[in-house]
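Student: After the C-alpha cells below, expect a handful of questions from me.
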Amino acid sequence: IPELWSDEVIGAYKSNLVVANLVTKLNHKGKKGDTIHIPVPSRGSASAKAANTQVTLSAATNTTVDVSINKHYEYSKLIEDIAEVQSLASMRKFYTDDAGYALAKQVDTDLVDLGEGFQSGATTDGSYTTAFIGTGTTAWSGTNEADITDAGLRALILKLDNADVPMDNRSLIVPPVCANDLLGINRFTEQQYIGSGDAIRTGKIGMIYGIDVYVSTNCDTVGSGGGTGSSGGGTERVGILMHKDALVLAEQVGVRSQTQYKQEYLGDLFTSDTIYGVKELRNDAGLCFVVPAS
C-alpha cells in the first residue's frame, strides 16, 4: 500500500479519538498472548512507630484485572480500476479519513459502554443502574433524567473526591445536548478558555473546576448495548465523569492498512484494521449521569 494511504488512515484515526485519549493505555503491539494481567494495588495505611520497635508491615492486598484482547475491527473498500483512473485524488483522502474515523468511533464506543459498570453497576443491559441525573444528588430511576447544572457538577465531583480519586487527569465527557446546556452555565463560560497552554485535543471544548470537558457523539443512549434499559430503550443520553485510571485500553495492533489487487473484480481491496481490548480498571474512579435527549 502506498505509505501515504497508511499515514492518512493513522492520522484520521488519532484525530478522531476522544475517550481513548483520556484513559490508561497499554502498548501490547508486536507481543503474543490474548490476555494482559494488570495488578491493582490497594491503598495502605500508616502505622505509628514506637521507639526501639520494628516497623509494622502492611499486608499486600493487591487484586488483578484481566484485560482480554478480543476485539478485531476492520474497514474495507473495493476501489475498482475505472474508479481509480477516473476519480479525483480527493476520493482517496475520503476513504482514508473514513477508515480512521470508523475505527476510532468503534474504540471510543467500546470504552464508553464500560461506563455502565462504574460504581459497581450492571454491565450488560444498558440500564445504568448506578447513574445519577444532572442534579448530581439523585439516582436515575429510569424516568427522572434532568439537565446538568452547576450544582450538579459540583455534587458529581464531590463523589469522586470522597472516593479519594486523584484530582488530576479527570475528564468530563458529555453528549452534544449536554454541551449545549454547559454553555448556559456562567462558571463554564468563564473558565472554558483557561488552560495550561497545552494544545487543544480532539473534542475538548473547555474546562470547569479544573476538569477538561469533551464532547462526543459516542456518549451512550440509555437502553443501548443489547438490552431494553430501565426506561424501555429510550433516547436519553449518558455523560461520564472519570479519572484516567477508571478504564484501560490495550492495543495489540494499532491501525494497519493493506491493499491487494483482486483480478476477479479488476480493482484494489483496501483494508484498515485494529486489534485491542478494553476493561474497567477502577469502578469507583468514574460515574455516569443521565440527561434528557433534548
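How things are named: the first chain in the C-alpha cells is A, the next is B, and so on; residues count from 1 in each chain; ligands count from 1 in the order shown.
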Quick one: everything within 9 Å of Val177 (chain A), counting only C-alpha atoms, minus sequence neighbours fewer than 3 positions away in the same chain. Send it as a CSV table (one decimal) with N, CA, C and O atoms, in the first residue's frame.

Tutor:
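Saved the output as result-v1.csv:
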chain,number,residue,atom,x,y,z
A,174,VAL,N,-19.3,14.5,27.6
A,174,VAL,CA,-20.7,14.8,27.5
A,174,VAL,C,-21.2,14.7,26.1
A,174,VAL,O,-20.4,14.9,25.1
A,180,ASN,N,-24.4,21.8,25.1
A,180,ASN,CA,-25.2,23.0,24.9
A,180,ASN,C,-25.7,23.5,26.2
A,180,ASN,O,-25.8,24.8,26.4
A,181,ASP,N,-26.1,22.6,27.1
A,181,ASP,CA,-26.5,23.1,28.4
A,181,ASP,C,-25.3,23.7,29.2
A,181,ASP,O,-25.5,24.7,29.9
A,182,LEU,N,-24.1,23.2,29.0
A,182,LEU,CA,-23.0,23.7,29.8
A,182,LEU,C,-22.7,25.2,29.3
A,182,LEU,O,-22.3,26.0,30.1
A,237,ARG,N,-29.5,10.6,27.0
A,237,ARG,CA,-28.1,10.4,26.8
A,237,ARG,C,-27.4,10.4,28.1
A,237,ARG,O,-27.8,10.9,29.2
A,291,VAL,N,-29.0,12.6,31.1
A,291,VAL,CA,-29.7,13.9,30.8
A,291,VAL,C,-30.7,13.7,29.7
A,291,VAL,O,-30.7,12.7,29.0
A,292,PRO,N,-31.7,14.6,29.6
A,292,PRO,CA,-32.7,14.4,28.5
A,292,PRO,C,-32.1,14.4,27.1
A,292,PRO,O,-31.0,15.0,26.9
A,293,ALA,N,-32.8,13.8,26.2
A,293,ALA,CA,-32.3,13.8,24.8
A,293,ALA,C,-32.3,15.1,24.1
A,293,ALA,O,-31.6,15.3,23.1
A,294,SER,N,-33.1,16.1,24.6
A,294,SER,CA,-33.1,17.4,24.0
A,294,SER,C,-33.4,18.4,25.1
A,294,SER,O,-33.7,18.1,26.2

Student: Could you give me, as a list in words, the residues within 7 Å of Ser216 (chain A), counting only C-alpha atoms and dropping anything in the same chain fewer than 3 positions from it?

Tutor: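 Contacts, with the query itself left out: Ile173, Val174, Pro175, Pro176, Gly203 and Cys219 of chain A.
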
Student: Got time to write the residues from that selection, N, CA and C atoms, as a compact mmCIF listing (two decimals), in the first residue's frame?

Tutor:
# COMPACT_ATOMS: atom_id res chain seq x y z
N ILE A 173 -16.95 13.88 30.00
CA ILE A 173 -17.29 13.55 28.62
C ILE A 173 -18.81 13.64 28.48
N VAL A 174 -19.27 14.52 27.60
CA VAL A 174 -20.70 14.79 27.52
C VAL A 174 -21.20 14.66 26.09
N PRO A 175 -22.48 14.32 25.92
CA PRO A 175 -23.08 14.31 24.58
C PRO A 175 -23.32 15.74 24.13
N PRO A 176 -23.54 15.96 22.83
CA PRO A 176 -23.74 17.33 22.33
C PRO A 176 -24.85 18.10 23.04
N GLY A 203 -12.11 17.11 20.50
CA GLY A 203 -13.31 17.02 21.31
C GLY A 203 -13.32 17.94 22.51
N CYS A 219 -21.24 9.20 23.28
CA CYS A 219 -21.86 9.04 24.60
C CYS A 219 -23.11 8.18 24.44

Student: If we count only C-alpha atoms and set the cut-off at 12 Å, which residues sit around Tyr265 (chain A), ignoring sequence neighbours fewer than 2 positions away in its own chain? Please answer as a ChimeraX atom specification.

Tutor: /A:78-82,260-263,267-269

Student: Keeping only all heavy atoms, take the residues you just selected and write them out as an mmCIF file, in the first residue's frame.

Tutor:
data_model
loop_
_atom_site.group_PDB
_atom_site.id
_atom_site.type_symbol
_atom_site.label_atom_id
_atom_site.label_comp_id
_atom_site.auth_asym_id
_atom_site.auth_seq_id
_atom_site.Cartn_x
_atom_site.Cartn_y
_atom_site.Cartn_z
ATOM 1 N N LEU A 78 -13.530 -1.625 -1.899
ATOM 2 C CA LEU A 78 -13.001 -2.080 -3.181
ATOM 3 C C LEU A 78 -12.929 -0.879 -4.109
ATOM 4 O O LEU A 78 -13.942 -0.236 -4.390
ATOM 5 C CB LEU A 78 -13.887 -3.161 -3.795
ATOM 6 C CG LEU A 78 -13.393 -3.690 -5.159
ATOM 7 C CD1 LEU A 78 -12.105 -4.476 -4.980
ATOM 8 C CD2 LEU A 78 -14.463 -4.530 -5.831
ATOM 9 N N ILE A 79 -11.726 -0.576 -4.561
ATOM 10 C CA ILE A 79 -11.517 0.565 -5.452
ATOM 11 C C ILE A 79 -11.273 0.011 -6.852
ATOM 12 O O ILE A 79 -10.180 -0.481 -7.159
ATOM 13 C CB ILE A 79 -10.330 1.416 -4.978
ATOM 14 C CG1 ILE A 79 -10.545 1.841 -3.521
ATOM 15 C CG2 ILE A 79 -10.172 2.652 -5.871
ATOM 16 C CD1 ILE A 79 -9.354 2.500 -2.893
ATOM 17 N N GLU A 80 -12.304 0.034 -7.668
ATOM 18 C CA GLU A 80 -12.200 -0.551 -8.995
ATOM 19 C C GLU A 80 -11.287 0.283 -9.894
ATOM 20 O O GLU A 80 -11.121 1.496 -9.705
ATOM 21 C CB GLU A 80 -13.585 -0.680 -9.614
ATOM 22 C CG GLU A 80 -14.503 -1.623 -8.835
ATOM 23 C CD GLU A 80 -15.741 -1.986 -9.621
ATOM 24 O OE1 GLU A 80 -15.625 -2.261 -10.830
ATOM 25 O OE2 GLU A 80 -16.827 -1.996 -9.019
ATOM 26 N N ASP A 81 -10.700 -0.395 -10.885
ATOM 27 C CA ASP A 81 -9.757 0.267 -11.774
ATOM 28 C C ASP A 81 -10.360 1.502 -12.425
ATOM 29 O O ASP A 81 -9.722 2.548 -12.526
ATOM 30 C CB ASP A 81 -9.287 -0.696 -12.876
ATOM 31 C CG ASP A 81 -8.345 -1.754 -12.334
ATOM 32 O OD1 ASP A 81 -7.903 -1.604 -11.174
ATOM 33 O OD2 ASP A 81 -8.056 -2.718 -13.061
ATOM 34 N N ILE A 82 -11.615 1.392 -12.865
ATOM 35 C CA ILE A 82 -12.224 2.524 -13.555
ATOM 36 C C ILE A 82 -12.375 3.713 -12.619
ATOM 37 O O ILE A 82 -12.185 4.869 -13.008
ATOM 38 C CB ILE A 82 -13.592 2.132 -14.169
ATOM 39 C CG1 ILE A 82 -14.108 3.278 -15.045
ATOM 40 C CG2 ILE A 82 -14.595 1.759 -13.082
ATOM 41 C CD1 ILE A 82 -15.337 2.894 -15.859
ATOM 42 N N GLN A 260 -4.724 -5.241 -1.707
ATOM 43 C CA GLN A 260 -4.478 -6.444 -2.507
ATOM 44 C C GLN A 260 -5.257 -6.300 -3.815
ATOM 45 O O GLN A 260 -6.449 -5.965 -3.793
ATOM 46 C CB GLN A 260 -4.937 -7.693 -1.764
ATOM 47 C CG GLN A 260 -4.676 -8.987 -2.535
ATOM 48 C CD GLN A 260 -5.248 -10.194 -1.826
ATOM 49 O OE1 GLN A 260 -6.370 -10.157 -1.335
ATOM 50 N NE2 GLN A 260 -4.468 -11.263 -1.743
ATOM 51 N N TYR A 261 -4.559 -6.517 -4.930
ATOM 52 C CA TYR A 261 -5.244 -6.411 -6.215
ATOM 53 C C TYR A 261 -6.093 -7.655 -6.439
ATOM 54 O O TYR A 261 -5.607 -8.797 -6.317
ATOM 55 C CB TYR A 261 -4.251 -6.252 -7.376
ATOM 56 C CG TYR A 261 -4.966 -5.924 -8.676
ATOM 57 C CD1 TYR A 261 -5.468 -4.640 -8.890
ATOM 58 C CD2 TYR A 261 -5.164 -6.893 -9.654
ATOM 59 C CE1 TYR A 261 -6.152 -4.332 -10.060
ATOM 60 C CE2 TYR A 261 -5.843 -6.585 -10.832
ATOM 61 C CZ TYR A 261 -6.341 -5.304 -11.018
ATOM 62 O OH TYR A 261 -7.029 -5.002 -12.173
ATOM 63 N N LYS A 262 -7.375 -7.466 -6.739
ATOM 64 C CA LYS A 262 -8.307 -8.559 -6.964
ATOM 65 C C LYS A 262 -8.648 -8.591 -8.459
ATOM 66 O O LYS A 262 -9.465 -7.791 -8.931
ATOM 67 C CB LYS A 262 -9.575 -8.358 -6.127
ATOM 68 C CG LYS A 262 -9.320 -8.091 -4.648
ATOM 69 C CD LYS A 262 -8.716 -9.286 -3.941
ATOM 70 C CE LYS A 262 -9.721 -10.385 -3.761
ATOM 71 N NZ LYS A 262 -9.153 -11.521 -2.970
ATOM 72 N N GLN A 263 -8.008 -9.503 -9.156
ATOM 73 C CA GLN A 263 -8.193 -9.550 -10.600
ATOM 74 C C GLN A 263 -9.641 -9.849 -10.977
ATOM 75 O O GLN A 263 -10.164 -9.334 -11.975
ATOM 76 C CB GLN A 263 -7.267 -10.601 -11.225
ATOM 77 C CG GLN A 263 -7.332 -10.618 -12.754
ATOM 78 C CD GLN A 263 -6.318 -11.582 -13.347
ATOM 79 O OE1 GLN A 263 -5.430 -12.063 -12.668
ATOM 80 N NE2 GLN A 263 -6.476 -11.870 -14.638
ATOM 81 N N GLY A 267 -9.873 -4.531 -9.452
ATOM 82 C CA GLY A 267 -9.773 -3.409 -8.521
ATOM 83 C C GLY A 267 -8.895 -3.762 -7.336
ATOM 84 O O GLY A 267 -8.467 -4.917 -7.156
ATOM 85 N N ASP A 268 -8.611 -2.769 -6.519
ATOM 86 C CA ASP A 268 -7.797 -2.945 -5.310
ATOM 87 C C ASP A 268 -8.694 -3.044 -4.086
ATOM 88 O O ASP A 268 -9.577 -2.191 -3.874
ATOM 89 C CB ASP A 268 -6.839 -1.765 -5.133
ATOM 90 C CG ASP A 268 -5.694 -1.798 -6.124
ATOM 91 O OD1 ASP A 268 -4.849 -2.699 -6.006
ATOM 92 O OD2 ASP A 268 -5.648 -0.924 -7.024
ATOM 93 N N LEU A 269 -8.467 -4.067 -3.269
ATOM 94 C CA LEU A 269 -9.149 -4.197 -1.982
ATOM 95 C C LEU A 269 -8.321 -3.457 -0.943
ATOM 96 O O LEU A 269 -7.170 -3.809 -0.680
ATOM 97 C CB LEU A 269 -9.281 -5.671 -1.596
ATOM 98 C CG LEU A 269 -9.839 -5.938 -0.196
ATOM 99 C CD1 LEU A 269 -11.260 -5.408 -0.069
ATOM 100 C CD2 LEU A 269 -9.787 -7.429 0.122
#

Student: Taking into account only C-alpha atoms, which residue in the set A:Thr63, A:Glu8, A:Arg92, A:Asp110 is nearest to Lys77 (chain A)?

Tutor: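 Nearest to Lys77 (chain A): A:Arg92.
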
Student: Could you check the closest approach to Tyr276 (chain A) for each of A:Glu116, A:Glu251, A:Asp147, A:Glu264 and tell me which residue wins, using only C-alpha atoms?

Tutor: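 Of A:Glu116, A:Glu251, A:Asp147, A:Glu264, the one nearest Tyr276 (chain A), counting only C-alpha atoms, is A:Glu251.
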
Student: Using only C-alpha atoms for the distances, tell me which of A:Leu247, A:Val165, A:Ile10, A:Leu266 is nearest to Lys279 (chain A).

Tutor: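 Checking each of A:Leu247, A:Val165, A:Ile10, A:Leu266 against Lys279 (chain A), counting only C-alpha atoms, the winner is A:Leu247.
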
Student: Nearest residue to Gly286 (chain A) out of A:Gly117, A:Gly44, A:Gly254, A:Gly11, using only C-alpha atoms?

Tutor: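 Result for the nearest residue to Gly286 (chain A): A:Gly117.
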
Student: Counting only C-alpha atoms, figure out which residue out of A:Thr129, A:Thr217, A:Thr149, A:Thr64 gets nearest to His37 (chain A).

Tutor: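 Closest to His37 (chain A), using only C-alpha atoms: A:Thr64.
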
Student: Counting only C-alpha atoms, which of A:Ser272, A:Gln119, A:Asn52, A:Asn21 gets nearest to Lys244 (chain A)?

Tutor: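 Using only C-alpha atoms, the shortest distance to Lys244 (chain A) belongs to A:Asn21.
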
Student: As a PDB file with C-alpha atoms, in the first residue's frame, please: every residue in region 46-196 of chain A that DSSP puts in strand (DSSP E or B).

Tutor:
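And here's states00.pdb as it stands now:
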ATOM      1  CA  THR A  63      -6.018  -7.631  43.080  1.00  0.00           C
ATOM      2  CA  THR A  64      -5.644  -8.442  39.396  1.00  0.00           C
ATOM      3  CA  VAL A  65      -7.623  -7.161  36.432  1.00  0.00           C
ATOM      4  CA  ASP A  66      -7.524  -9.315  33.300  1.00  0.00           C
ATOM      5  CA  VAL A  67      -7.787  -7.434  30.011  1.00  0.00           C
ATOM      6  CA  SER A  68      -8.827  -9.691  27.135  1.00  0.00           C
ATOM      7  CA  LYS A  71     -11.753  -7.013  19.658  1.00  0.00           C
ATOM      8  CA  HIS A  72     -10.798  -7.021  15.981  1.00  0.00           C
ATOM      9  CA  TYR A  73     -12.454  -4.478  13.707  1.00  0.00           C
ATOM     10  CA  GLU A  74     -11.822  -3.665  10.067  1.00  0.00           C
ATOM     11  CA  TYR A  75     -12.862  -1.177   7.398  1.00  0.00           C
ATOM     12  CA  SER A  76     -12.673  -2.273   3.750  1.00  0.00           C
ATOM     13  CA  LYS A  77     -13.361  -0.732   0.353  1.00  0.00           C
ATOM     14  CA  LEU A  78     -13.001  -2.080  -3.181  1.00  0.00           C
ATOM     15  CA  ILE A  79     -11.517   0.565  -5.452  1.00  0.00           C
ATOM     16  CA  GLU A  80     -12.200  -0.551  -8.995  1.00  0.00           C
ATOM     17  CA  PHE A 132     -27.239   9.880  38.603  1.00  0.00           C
ATOM     18  CA  ILE A 133     -29.250  12.648  36.986  1.00  0.00           C
ATOM     19  CA  ALA A 139     -30.053   8.455  41.387  1.00  0.00           C
ATOM     20  CA  ARG A 170     -10.068  13.830  35.419  1.00  0.00           C
ATOM     21  CA  SER A 171     -12.304  14.273  32.363  1.00  0.00           C
ATOM     22  CA  LEU A 172     -15.934  15.164  31.793  1.00  0.00           C
ATOM     23  CA  ILE A 173     -17.293  13.548  28.620  1.00  0.00           C
ATOM     24  CA  VAL A 174     -20.698  14.794  27.523  1.00  0.00           C
TER      25      VAL A 174
END

Student: In Å, with one decimal, what is the gap from CA of Thr24 (chain A) to CA of Ile275 (chain A)?

Tutor: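 Rounded to one decimal, the two atoms are 16.5 Å apart.
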
Student: Mind pulling up the distance from CA of Val255 (chain A) to CA of Ile211 (chain A)?

Tutor: 29.7 Å

Student: State, in Å with one decimal place, the distance from CA of Gly277 (chain A) to CA of Asn70 (chain A).

Tutor: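 CA of Asn70 (chain A) lies at a distance of 5.7 Å from CA of Gly277 (chain A).
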